[in-house]
>>> print(open('protein.cif').read())   # mmCIF, C-alpha atoms and all ligand atoms
data_input
loop_
_atom_site.label_atom_id
_atom_site.label_comp_id
_atom_site.auth_asym_id
_atom_site.auth_seq_id
_atom_site.Cartn_x
_atom_site.Cartn_y
_atom_site.Cartn_z
CA MET S 83 -8.66 15.05 -7.92
CA ASN S 84 -9.92 15.24 -4.37
CA LEU S 85 -9.33 11.74 -2.99
CA ILE S 86 -12.15 11.84 -0.44
CA LYS S 87 -14.56 12.87 -3.21
CA TYR S 88 -13.51 9.83 -5.22
CA PHE S 89 -13.65 7.42 -2.29
CA ILE S 90 -17.00 8.54 -0.91
CA LYS S 91 -18.73 7.41 -4.12
CA LEU S 92 -17.24 3.90 -3.95
CA PRO S 93 -19.80 1.13 -3.37
CA PHE S 94 -18.37 -0.08 -0.04
CA ILE S 95 -18.70 3.42 1.48
CA GLN S 96 -22.12 4.01 -0.08
CA LYS S 97 -23.37 0.73 1.37
CA ILE S 98 -22.48 1.88 4.91
CA LEU S 99 -24.08 5.28 4.30
CA GLN S 100 -27.28 3.49 3.28
CA ASP S 101 -27.11 1.59 6.56
CA LYS S 102 -26.84 4.96 8.32
CA THR S 103 -30.03 6.15 6.62
CA SER S 104 -31.86 2.99 7.60
CA GLY S 105 -30.51 3.06 11.16
CA LYS S 106 -28.47 -0.11 10.79
CA LEU S 107 -24.98 1.19 11.48
CA SER S 108 -22.50 -1.04 13.25
CA SER S 109 -20.41 0.30 16.13
CA GLY S 110 -17.15 -0.44 14.34
CA TYR S 111 -15.60 -0.97 10.90
CA LEU S 112 -12.17 -2.27 9.97
CA PHE S 113 -10.83 -1.24 6.56
CA TYR S 114 -7.89 -3.20 5.28
CA SER S 115 -5.66 -3.44 2.22
CA LEU S 116 -1.88 -3.69 1.79
CA ASP S 117 -1.64 0.10 1.50
CA SER S 118 -1.93 2.20 4.61
CA GLN S 119 -2.67 5.41 2.69
CA THR S 120 -5.55 3.83 0.77
CA ASN S 121 -7.08 2.66 4.06
CA LYS S 122 -6.74 6.08 5.68
CA ILE S 123 -8.56 7.85 2.87
CA ALA S 124 -11.38 5.31 3.09
CA VAL S 125 -11.65 6.05 6.82
CA ASP S 126 -11.73 9.83 6.21
CA ALA S 127 -14.36 9.48 3.50
CA LEU S 128 -16.58 7.38 5.72
CA ALA S 129 -16.13 9.76 8.67
CA MET S 130 -17.33 12.61 6.49
CA GLY S 131 -20.26 10.63 5.10
CA LEU S 132 -21.36 9.59 8.58
CA LEU S 133 -21.25 13.10 10.09
CA CYS S 134 -22.72 15.05 7.15
CA LYS S 135 -26.51 15.21 7.01
CA ASN S 136 -26.27 14.80 3.24
CA ASN S 137 -23.83 11.86 3.37
CA GLY S 138 -20.87 14.02 2.32
CA CYS S 139 -21.74 17.34 0.61
CA PHE S 140 -18.25 18.91 0.99
CA VAL S 141 -19.73 22.31 1.86
CA CYS S 142 -21.41 22.00 5.25
CA GLU S 143 -19.54 22.72 8.48
CA ASP S 144 -19.21 19.01 9.30
CA CYS S 145 -17.71 18.17 5.90
CA VAL S 146 -15.27 21.08 5.91
CA LYS S 147 -14.12 20.24 9.42
CA VAL S 148 -13.65 16.52 8.65
CA GLU S 149 -11.72 17.39 5.51
CA ASN S 150 -9.39 19.60 7.57
CA ASN S 151 -9.04 16.93 10.27
CA SER S 152 -10.45 19.44 12.74
CA HIS S 153 -13.92 18.08 13.55
CA PRO S 154 -14.30 17.94 17.35
CA ASP S 155 -16.33 14.72 17.12
CA VAL S 156 -13.68 12.80 15.16
CA LEU S 157 -10.76 11.67 17.29
CA TYR S 158 -7.63 10.41 15.55
CA TYR S 159 -5.24 7.77 16.86
CA PRO S 160 -2.40 6.92 17.22
CA LYS S 161 -1.35 10.24 18.67
CA ASP S 162 2.27 9.34 18.07
CA LYS S 163 3.92 6.91 15.61
CA SER S 164 2.24 3.74 16.80
CA PHE S 165 -0.88 2.88 18.74
CA SER S 166 -0.05 2.70 22.46
CA VAL S 167 -1.57 1.80 25.81
CA THR S 168 -1.79 5.55 26.52
CA ASP S 169 -3.87 5.97 23.33
CA ALA S 170 -6.16 3.15 24.43
CA LYS S 171 -6.63 4.75 27.86
CA ASP S 172 -7.36 8.11 26.24
CA ILE S 173 -9.97 6.49 23.99
CA ILE S 174 -11.71 4.97 27.00
CA ASP S 175 -11.88 8.45 28.62
CA GLN S 176 -13.02 10.23 25.48
CA ALA S 177 -15.61 7.68 24.41
CA TYR S 178 -17.85 8.48 27.38
CA LYS S 179 -17.87 12.24 26.72
CA LYS S 180 -20.81 13.50 24.67
CA PRO S 181 -20.18 14.59 21.05
CA MET S 182 -20.04 18.39 20.57
CA LEU S 183 -21.55 19.13 17.18
CA SER S 184 -23.09 15.88 16.04
CA SER S 185 -25.18 13.02 17.30
CA ILE S 186 -22.30 10.56 16.95
CA LYS S 187 -18.67 10.45 17.93
CA ILE S 188 -16.13 8.81 15.64
CA ILE S 189 -12.94 7.24 16.92
CA VAL S 190 -10.40 6.67 14.18
CA ILE S 191 -7.54 4.24 14.75
CA ASN S 192 -5.22 4.02 11.76
CA ASP S 193 -2.63 1.25 11.31
CA ILE S 194 -3.82 -0.59 14.39
CA ASP S 195 -1.51 -3.50 13.49
CA ASN S 196 1.40 -1.22 14.31
CA SER S 197 0.97 -1.62 18.07
CA SER S 198 1.68 -3.94 20.96
CA VAL S 199 -0.65 -6.78 21.96
CA GLU S 200 -0.97 -4.99 25.28
CA ALA S 201 -2.31 -1.82 23.63
CA GLN S 202 -4.80 -3.78 21.55
CA ASN S 203 -5.93 -5.73 24.61
CA LYS S 204 -6.49 -2.51 26.51
CA LEU S 205 -8.77 -1.37 23.72
CA LEU S 206 -10.74 -4.59 23.63
CA LYS S 207 -13.27 -3.82 26.35
CA ILE S 208 -14.42 -0.51 24.89
CA ILE S 209 -14.70 -2.06 21.43
CA GLU S 210 -16.73 -4.92 22.88
CA GLU S 211 -19.10 -2.63 24.73
CA PRO S 212 -18.89 0.79 23.13
CA PRO S 213 -20.94 3.65 24.61
CA GLN S 214 -23.99 4.55 22.54
CA ASN S 215 -23.36 6.70 19.47
CA VAL S 216 -19.65 5.91 19.35
CA ILE S 217 -18.38 4.47 16.07
CA PHE S 218 -14.90 3.03 15.63
CA LEU S 219 -13.25 3.38 12.23
CA VAL S 220 -10.13 1.22 12.28
CA SER S 221 -7.62 0.58 9.50
CA SER S 222 -4.84 -1.91 8.96
CA ALA S 223 -2.27 -2.66 6.27
CA ASN S 224 -1.41 -5.95 7.95
CA ILE S 225 -4.60 -7.64 9.08
CA ASP S 226 -2.74 -10.68 10.43
CA LYS S 227 -1.33 -8.50 13.19
CA VAL S 228 -4.73 -7.41 14.47
CA LEU S 229 -5.93 -9.45 17.46
CA PRO S 230 -8.69 -11.89 16.46
CA THR S 231 -10.78 -10.65 19.39
CA ILE S 232 -10.66 -7.10 17.96
CA LYS S 233 -11.32 -8.27 14.40
CA SER S 234 -14.37 -10.23 15.49
CA ARG S 235 -16.00 -7.09 16.94
CA LEU S 236 -15.66 -5.01 13.78
CA ILE S 237 -17.22 -5.25 10.34
CA LYS S 238 -14.27 -6.11 8.13
CA ILE S 239 -14.07 -4.47 4.72
CA GLU S 240 -11.26 -5.36 2.35
CA ILE S 241 -10.38 -2.57 -0.07
CA SER S 242 -9.24 -4.06 -3.35
CA SER S 243 -6.58 -2.34 -5.45
CA PHE S 244 -7.75 0.09 -8.13
CA THR S 245 -7.45 -0.56 -11.86
CA LYS S 246 -4.93 1.41 -13.91
CA GLU S 247 -7.82 3.40 -15.41
CA GLN S 248 -9.09 4.34 -11.92
CA ILE S 249 -5.58 5.31 -10.78
CA LYS S 250 -5.22 7.54 -13.87
CA ILE S 251 -8.42 9.37 -12.94
CA ILE S 252 -7.50 9.65 -9.25
CA PHE S 253 -4.09 11.11 -10.07
CA GLU S 254 -5.09 13.12 -13.17
CA ASP S 255 -3.53 16.27 -11.68
CA TYR S 256 -0.14 14.61 -12.04
CA LYS S 257 -0.52 13.48 -15.64
CA ASN S 258 2.17 15.85 -16.89
CA LYS S 259 4.85 14.50 -14.56
CA ASN S 260 7.43 12.51 -16.48
CA ASN S 261 7.07 9.51 -14.14
CA PHE S 262 3.24 9.45 -14.35
CA GLU S 263 2.95 6.39 -16.61
CA LEU S 264 5.50 4.51 -14.53
CA ALA S 265 3.68 5.38 -11.29
CA VAL S 266 0.38 4.13 -12.72
CA LEU S 267 2.12 0.95 -13.81
CA LYS S 268 4.17 0.28 -10.69
CA GLY S 269 1.88 1.65 -7.97
CA ASP S 270 0.05 -1.71 -7.88
CA GLY S 271 -3.32 0.08 -7.88
CA TYR S 272 -2.78 1.62 -4.44
CA ILE S 273 -2.87 5.28 -3.50
CA GLY S 274 0.18 5.40 -1.24
CA ARG S 275 2.45 3.41 -3.53
CA THR S 276 1.47 5.42 -6.61
CA PHE S 277 1.97 8.66 -4.70
CA ASN S 278 5.40 7.58 -3.46
CA ILE S 279 6.57 6.87 -7.00
CA LEU S 280 5.15 10.18 -8.28
CA ASN S 281 7.16 11.96 -5.61
CA ASN S 282 10.32 9.97 -6.21
CA ASP S 283 12.19 11.69 -9.02
CA ASP S 284 14.81 8.97 -8.88
CA TYR S 285 12.30 6.21 -9.73
CA ILE S 286 12.76 6.43 -13.51
CA ASN S 287 16.50 5.97 -13.01
CA LEU S 288 15.88 2.95 -10.78
CA TYR S 289 13.54 1.47 -13.35
CA ASN S 290 16.11 1.88 -16.12
CA PHE S 291 18.82 0.53 -13.85
CA CYS S 292 16.76 -2.63 -13.27
CA LYS S 293 15.90 -2.96 -16.96
CA ASN S 294 19.62 -2.81 -17.60
CA ILE S 295 20.26 -5.66 -15.15
CA VAL S 296 17.60 -7.86 -16.74
CA CYS S 297 18.84 -7.15 -20.27
CA ASN S 298 22.58 -6.64 -19.94
CA LEU S 299 23.87 -8.76 -17.08
CA LYS S 300 25.55 -11.42 -19.18
CA LYS S 301 28.97 -12.20 -17.68
CA SER S 302 30.81 -11.85 -14.35
CA SER S 303 32.70 -8.79 -15.49
CA ASP S 304 29.33 -7.00 -15.94
CA VAL S 305 28.56 -7.24 -12.20
CA ILE S 306 30.92 -4.42 -11.29
CA ASN S 307 29.02 -2.01 -13.57
CA PHE S 308 25.97 -2.30 -11.33
CA LEU S 309 27.72 -1.89 -8.01
CA SER S 310 28.91 1.69 -8.28
CA SER S 311 25.69 3.39 -7.19
CA LYS S 312 25.15 4.07 -3.49
CA LEU S 313 22.43 1.90 -1.98
CA ASP S 314 20.27 2.56 1.04
CA LYS S 315 17.51 0.31 2.37
CA ASP S 316 14.66 2.12 0.61
CA LYS S 317 16.44 2.14 -2.72
CA PHE S 318 17.40 -1.52 -2.40
CA ASN S 319 13.82 -2.42 -1.51
CA ASP S 320 12.57 -0.56 -4.62
CA ILE S 321 15.15 -2.34 -6.78
CA LEU S 322 14.06 -5.76 -5.51
CA LYS S 323 10.41 -4.93 -6.17
CA ILE S 324 11.07 -3.66 -9.68
CA LEU S 325 13.35 -6.61 -10.54
CA SER S 326 10.76 -9.11 -9.27
CA SER S 327 8.01 -7.65 -11.40
CA MET S 328 10.31 -7.49 -14.47
CA TYR S 329 11.39 -11.12 -14.16
CA ARG S 330 7.78 -12.14 -13.52
CA ASP S 331 6.85 -10.38 -16.74
CA LEU S 332 9.73 -12.09 -18.52
CA LEU S 333 8.34 -15.44 -17.37
CA VAL S 334 4.86 -14.51 -18.59
CA PHE S 335 6.38 -13.47 -21.92
CA TYR S 336 8.44 -16.65 -22.08
CA CYS S 337 5.28 -18.72 -21.67
CA GLY S 338 3.70 -16.85 -24.58
CA LYS S 339 1.10 -14.98 -22.54
CA GLU S 340 1.84 -11.45 -23.69
CA ASN S 341 -1.68 -10.29 -22.82
CA LEU S 342 -0.92 -10.91 -19.12
CA LEU S 343 2.15 -8.64 -18.96
CA SER S 344 1.97 -5.98 -16.25
CA ASP S 345 4.39 -3.78 -18.19
CA GLU S 346 3.79 -4.06 -21.93
CA ARG S 347 6.60 -1.65 -22.70
CA LEU S 348 9.24 -4.35 -22.21
CA VAL S 349 8.08 -6.57 -25.07
CA LYS S 350 10.81 -5.36 -27.44
CA GLU S 351 13.60 -5.97 -24.90
CA PHE S 352 12.15 -9.36 -23.95
CA SER S 353 12.11 -10.63 -27.52
CA VAL S 354 15.81 -9.80 -27.79
CA ILE S 355 16.92 -11.50 -24.56
CA LYS S 356 14.41 -14.37 -24.41
CA ASP S 357 16.83 -17.00 -25.70
CA GLU S 358 19.36 -16.24 -22.95
CA PHE S 359 16.95 -17.70 -20.38
CA SER S 360 15.07 -20.92 -19.77
CA GLU S 361 11.76 -21.10 -17.92
CA LYS S 362 13.58 -22.88 -15.10
CA SER S 363 16.20 -20.14 -14.82
CA ILE S 364 13.61 -17.35 -14.59
CA ILE S 365 11.76 -19.22 -11.83
CA ALA S 366 15.07 -19.74 -9.99
CA ILE S 367 15.86 -16.00 -10.28
CA LEU S 368 12.45 -15.14 -8.81
CA HIS S 369 13.28 -17.43 -5.86
CA LEU S 370 16.62 -15.66 -5.43
CA LEU S 371 14.82 -12.31 -5.31
CA ASP S 372 12.39 -13.59 -2.65
CA GLU S 373 15.27 -14.90 -0.55
CA THR S 374 17.18 -11.63 -0.87
CA ASN S 375 14.03 -9.73 0.07
CA GLU S 376 13.80 -11.69 3.32
CA ARG S 377 17.51 -11.33 4.06
CA GLN S 378 17.54 -7.55 3.66
CA TYR S 379 16.05 -7.24 7.16
CA SER S 380 18.88 -9.21 8.74
CA ASN S 381 22.20 -7.61 9.57
CA VAL S 382 23.92 -8.38 6.28
CA SER S 383 25.31 -5.37 4.43
CA ILE S 384 23.03 -4.29 1.59
CA ASN S 385 25.87 -3.83 -0.86
CA LEU S 386 27.08 -7.36 -0.18
CA LEU S 387 23.55 -8.75 -0.57
CA PHE S 388 23.19 -6.96 -3.87
CA GLU S 389 26.51 -8.21 -5.21
CA THR S 390 25.68 -11.78 -4.15
CA LEU S 391 22.29 -11.48 -5.84
CA LEU S 392 23.82 -10.41 -9.15
CA VAL S 393 26.43 -13.17 -9.07
CA ASN S 394 23.74 -15.75 -8.24
CA ILE S 395 21.49 -14.52 -11.04
CA LEU S 396 24.34 -15.09 -13.50
CA GLU S 397 25.05 -18.53 -12.11
CA VAL S 398 21.41 -19.59 -12.28
CA LYS S 399 21.16 -18.21 -15.80
CA TYR S 400 23.91 -20.52 -16.96
CA THR S 401 23.35 -23.64 -14.89
CA CYS S 402 19.68 -23.79 -15.88
CA LYS S 403 20.34 -23.33 -19.56
ZN ZN I 1 -21.70 17.93 4.38
#
>>> encode(input="protein.cif", output="structure tokens")
Amino acid sequence: MNLIKYFIKLPFIQKILQDKTSGKLSSGYLFYSLDSQTNKIAVDALAMGLLCKNNGCFVCEDCVKVENNSHPDVLYYPKDKSFSVTDAKDIIDQAYKKPMLSSIKIIVINDIDNSSVEAQNKLLKIIEEPPQNVIFLVSSANIDKVLPTIKSRLIKIEISSFTKEQIKIIFEDYKNKNNFELAVLKGDGYIGRTFNILNNDDYINLYNFCKNIVCNLKKSSDVINFLSSKLDKDKFNDILKILSSMYRDLLVFYCGKENLLSDERLVKEFSVIKDEFSEKSIIAILHLLDETNERQYSNVSINLLFETLLVNILEVKYTCK
């Protein structure tokens, strides 16, 4: 389904559009969640709602132009990969020019956290004292990296993750893909993450690979069976994420709280392997995964990290028994 159509009906966007009708708009909004893509769609939906006389009709010139990212009164930043001092200077120039088609001008800054302190500081003055009729729509997937002085000038809106039912509706066009169920399950309720899994034909293999580790890593001679596949950073990162959520589920299962499982499909496997673990060992394995996750950004070879992880999982499994 059309993502902007879905987002524009959400209560947090509707609330701002009501403020538009009653003349109570703020000069800046900051959307944040862990998923950059989710934030960007919220920004696009609000931009459309603000410029359209009918709060987003999808047929008028304003709506069509916003949807195509070609509305002359919506300016998008960063121009390159990350928000820069040059972008900030450009914004200061552009903000004082009158809008062309509408009564307001919208300045979009996506992933503002992905920028230098210098660039954010440069922006500060114009955000503090914006020209009349300029509205800033800012997004961030890492709110801790946004300068407090910037945050304090914007209305902050946290976008919570969607439920599995919502994700199924949003991505209904993909329901025939063989990794659809897995994407709904493992996308954590976020648009970008779900989309990445849907477009990753290798994901089912990774999932089965991880399931195999959890269920069939029993002795040192098994380790070698898992080391043959070629690993790159993205793949390793996916493996760590999948393993963490599987072991977390195993812990939940171990504690008898089946109704809290994030992936109910593993119940059968878990009942078979349950006795090989203790609660303490599963917690220790989750710690190992966290540690490995932090170390993957250091200069250690990924293949070595992975091998060490598997050996340590085995060791923990037996010492905690
Ligand atoms: Zn419209």
>>> atom_distance(input="protein.cif", atom1="CA of Ile90 (chain S)", atom2="CA of Ala124 (chain S)")
7.6 Å
>>> residues_around(input="protein.cif", residues="Glu340 (chain S)", least_positions_apart="6", cutoff="9 Å", atoms="only C-alpha atoms", output="list in words")
Asp331, Val334, Glu346 and Val349 of chain S
>>> residues_near_ligand(input="protein.cif", ligand="ligand ZN 1 (chain I)", cutoff="6 Å", atoms="all atoms listed in the file", output="NGL selection string")
:S and (134 or 136 or 138-142 or 144-145)
>>> atom_distance(input="protein.cif", atom1="CA of Lys147 (chain S)", atom2="CA of Asn84 (chain S)")
15.3 Å
>>> closest_residue(input="protein.cif", among="S:Ser310, S:Thr276, S:Ser353, S:Ser198", to="Cys297 (chain S)", atoms="all atoms listed in the file")
S:Ser353
>>> residues_near_point(input="protein.cif", point="(13.3, -18.0, -12.5)", cutoff="12 Å", atoms="only C-alpha atoms", output="ChimeraX atom specification")
/S:296,325-334,336,359-372,394-403
>>> atom_distance(input="protein.cif", atom1="CA of Asp195 (chain S)", atom2="CA of Met130 (chain S)")
23.6 Å
>>> residues_around(input="protein.cif", residues="Lys323 (chain S)", least_positions_apart="6", cutoff="12 Å", atoms="all atoms listed in the file", output="list of chain:residue names")
S:Lys268, S:Gly269, S:Asp270, S:Arg275, S:Tyr285, S:Leu288, S:Tyr289, S:Cys292, S:Asp316, S:Lys317, S:Tyr329, S:Arg330, S:Leu368, S:Leu371, S:Asp372, S:Thr374, S:Asn375
>>> write_last_selection(input="protein.cif", atoms="C-alpha atoms", output="compact mmCIF listing (two decimals), in the coordinates of the input")
# COMPACT_ATOMS: atom_id res chain seq x y z
CA LYS S 268 4.17 0.28 -10.69
CA GLY S 269 1.88 1.65 -7.97
CA ASP S 270 0.05 -1.71 -7.88
CA ARG S 275 2.45 3.41 -3.53
CA TYR S 285 12.30 6.21 -9.73
CA LEU S 288 15.88 2.95 -10.78
CA TYR S 289 13.54 1.47 -13.35
CA CYS S 292 16.76 -2.63 -13.27
CA ASP S 316 14.66 2.12 0.61
CA LYS S 317 16.44 2.14 -2.72
CA TYR S 329 11.39 -11.12 -14.16
CA ARG S 330 7.78 -12.14 -13.52
CA LEU S 368 12.45 -15.14 -8.81
CA LEU S 371 14.82 -12.31 -5.31
CA ASP S 372 12.39 -13.59 -2.65
CA THR S 374 17.18 -11.63 -0.87
CA ASN S 375 14.03 -9.73 0.07
>>> closest_residue(input="protein.cif", among="S:Ser164, S:Thr390, S:Tyr158, S:Lys257", to="Gln176 (chain S)", atoms="all atoms listed in the file")
S:Tyr158
>>> closest_residue(input="protein.cif", among="S:Val156, S:Leu348, S:Leu322, S:Val220", to="Leu112 (chain S)", atoms="all atoms listed in the file")
S:Val220
>>> closest_residue(input="protein.cif", among="S:Ser242, S:Ile191, S:Asn294, S:Ser302", to="Phe352 (chain S)", atoms="only C-alpha atoms")
S:Asn294
>>> residues_around(input="protein.cif", residues="Ala177 (chain S)", least_positions_apart="3", cutoff="7 Å", atoms="all atoms listed in the file", output="CSV table (one decimal) with C-alpha atoms, in the frame of the given file")
chain,number,residue,atom,x,y,z
S,173,ILE,CA,-10.0,6.5,24.0
S,174,ILE,CA,-11.7,5.0,27.0
S,213,PRO,CA,-20.9,3.6,24.6
S,216,VAL,CA,-19.6,5.9,19.4
>>> residues_around(input="protein.cif", residues="Phe253 (chain S)", least_positions_apart="6", cutoff="10 Å", atoms="all atoms listed in the file", output="VMD selection string")
chain S and resid 83 to 85 262 265 to 266 273 276 to 277 280
>>> axis_aligned_box(input="protein.cif", around="region 379-386 of chain S", padding_each_side="5 Å", output="AutoDock Vina command-line options")
--center_x 21.6 --center_y -6.5 --center_z 4.4 --size_x 21.0 --size_y 15.4 --size_z 20.4
>>> closest_residue(input="protein.cif", among="S:His153, S:Glu143, S:Lys204, S:Leu264", to="Met182 (chain S)", atoms="all atoms listed in the file")
S:His153
>>> residues_around(input="protein.cif", residues="Lys246 (chain S)", least_positions_apart="3", cutoff="8 Å", atoms="only C-alpha atoms", output="number ranges by chain")
S: 249-250, 266-267, 271
>>> closest_residue(input="protein.cif", among="S:Gly105, S:Pro93, S:Pro212, S:Gly274", to="Leu236 (chain S)", atoms="all atoms listed in the file")
S:Pro212
>>> build_atoms(input="protein.cif", residues="region 260-275 of chain S", atoms="N, CA, C and O atoms", output="PDB file, in the coordinates of the input")
ATOM      1  N   ASN S 260       6.812  13.467 -15.569  1.00  0.00           N
ATOM      2  CA  ASN S 260       7.430  12.510 -16.480  1.00  0.00           C
ATOM      3  C   ASN S 260       7.431  11.072 -15.937  1.00  0.00           C
ATOM      4  O   ASN S 260       7.631  10.135 -16.685  1.00  0.00           O
ATOM      5  N   ASN S 261       7.148  10.894 -14.646  1.00  0.00           N
ATOM      6  CA  ASN S 261       7.070   9.510 -14.140  1.00  0.00           C
ATOM      7  C   ASN S 261       5.629   9.051 -13.931  1.00  0.00           C
ATOM      8  O   ASN S 261       5.377   8.065 -13.251  1.00  0.00           O
ATOM      9  N   PHE S 262       4.661   9.782 -14.540  1.00  0.00           N
ATOM     10  CA  PHE S 262       3.240   9.450 -14.350  1.00  0.00           C
ATOM     11  C   PHE S 262       2.899   8.032 -14.815  1.00  0.00           C
ATOM     12  O   PHE S 262       2.340   7.239 -14.059  1.00  0.00           O
ATOM     13  N   GLU S 263       3.279   7.715 -16.064  1.00  0.00           N
ATOM     14  CA  GLU S 263       2.950   6.390 -16.610  1.00  0.00           C
ATOM     15  C   GLU S 263       3.550   5.277 -15.754  1.00  0.00           C
ATOM     16  O   GLU S 263       2.921   4.268 -15.471  1.00  0.00           O
ATOM     17  N   LEU S 264       4.791   5.504 -15.335  1.00  0.00           N
ATOM     18  CA  LEU S 264       5.500   4.510 -14.530  1.00  0.00           C
ATOM     19  C   LEU S 264       4.825   4.338 -13.169  1.00  0.00           C
ATOM     20  O   LEU S 264       4.690   3.220 -12.661  1.00  0.00           O
ATOM     21  N   ALA S 265       4.347   5.441 -12.590  1.00  0.00           N
ATOM     22  CA  ALA S 265       3.680   5.380 -11.290  1.00  0.00           C
ATOM     23  C   ALA S 265       2.370   4.613 -11.408  1.00  0.00           C
ATOM     24  O   ALA S 265       2.035   3.792 -10.547  1.00  0.00           O
ATOM     25  N   VAL S 266       1.641   4.844 -12.500  1.00  0.00           N
ATOM     26  CA  VAL S 266       0.380   4.130 -12.720  1.00  0.00           C
ATOM     27  C   VAL S 266       0.663   2.628 -12.838  1.00  0.00           C
ATOM     28  O   VAL S 266      -0.029   1.786 -12.287  1.00  0.00           O
ATOM     29  N   LEU S 267       1.755   2.332 -13.531  1.00  0.00           N
ATOM     30  CA  LEU S 267       2.120   0.950 -13.810  1.00  0.00           C
ATOM     31  C   LEU S 267       2.646   0.230 -12.558  1.00  0.00           C
ATOM     32  O   LEU S 267       2.324  -0.918 -12.283  1.00  0.00           O
ATOM     33  N   LYS S 268       3.462   0.929 -11.793  1.00  0.00           N
ATOM     34  CA  LYS S 268       4.170   0.280 -10.690  1.00  0.00           C
ATOM     35  C   LYS S 268       3.566   0.559  -9.319  1.00  0.00           C
ATOM     36  O   LYS S 268       4.084   0.093  -8.306  1.00  0.00           O
ATOM     37  N   GLY S 269       2.492   1.337  -9.264  1.00  0.00           N
ATOM     38  CA  GLY S 269       1.880   1.650  -7.970  1.00  0.00           C
ATOM     39  C   GLY S 269       0.962   0.534  -7.472  1.00  0.00           C
ATOM     40  O   GLY S 269       0.366   0.645  -6.406  1.00  0.00           O
ATOM     41  N   ASP S 270       0.853  -0.538  -8.247  1.00  0.00           N
ATOM     42  CA  ASP S 270       0.050  -1.710  -7.880  1.00  0.00           C
ATOM     43  C   ASP S 270      -1.411  -1.376  -7.594  1.00  0.00           C
ATOM     44  O   ASP S 270      -2.088  -2.123  -6.881  1.00  0.00           O
ATOM     45  N   GLY S 271      -1.899  -0.252  -8.092  1.00  0.00           N
ATOM     46  CA  GLY S 271      -3.320   0.080  -7.880  1.00  0.00           C
ATOM     47  C   GLY S 271      -3.603   0.638  -6.502  1.00  0.00           C
ATOM     48  O   GLY S 271      -4.764   0.698  -6.092  1.00  0.00           O
ATOM     49  N   TYR S 272      -2.572   1.062  -5.780  1.00  0.00           N
ATOM     50  CA  TYR S 272      -2.780   1.620  -4.440  1.00  0.00           C
ATOM     51  C   TYR S 272      -2.380   3.091  -4.394  1.00  0.00           C
ATOM     52  O   TYR S 272      -1.442   3.518  -5.081  1.00  0.00           O
ATOM     53  N   ILE S 273      -3.078   3.836  -3.572  1.00  0.00           N
ATOM     54  CA  ILE S 273      -2.870   5.280  -3.500  1.00  0.00           C
ATOM     55  C   ILE S 273      -1.465   5.630  -2.992  1.00  0.00           C
ATOM     56  O   ILE S 273      -0.743   6.400  -3.607  1.00  0.00           O
ATOM     57  N   GLY S 274      -1.095   5.047  -1.861  1.00  0.00           N
ATOM     58  CA  GLY S 274       0.180   5.400  -1.240  1.00  0.00           C
ATOM     59  C   GLY S 274       1.359   5.048  -2.127  1.00  0.00           C
ATOM     60  O   GLY S 274       2.271   5.848  -2.328  1.00  0.00           O
ATOM     61  N   ARG S 275       1.322   3.857  -2.690  1.00  0.00           N
ATOM     62  CA  ARG S 275       2.450   3.410  -3.530  1.00  0.00           C
ATOM     63  C   ARG S 275       2.576   4.272  -4.778  1.00  0.00           C
ATOM     64  O   ARG S 275       3.683   4.657  -5.165  1.00  0.00           O
TER      65      ARG S 275
END
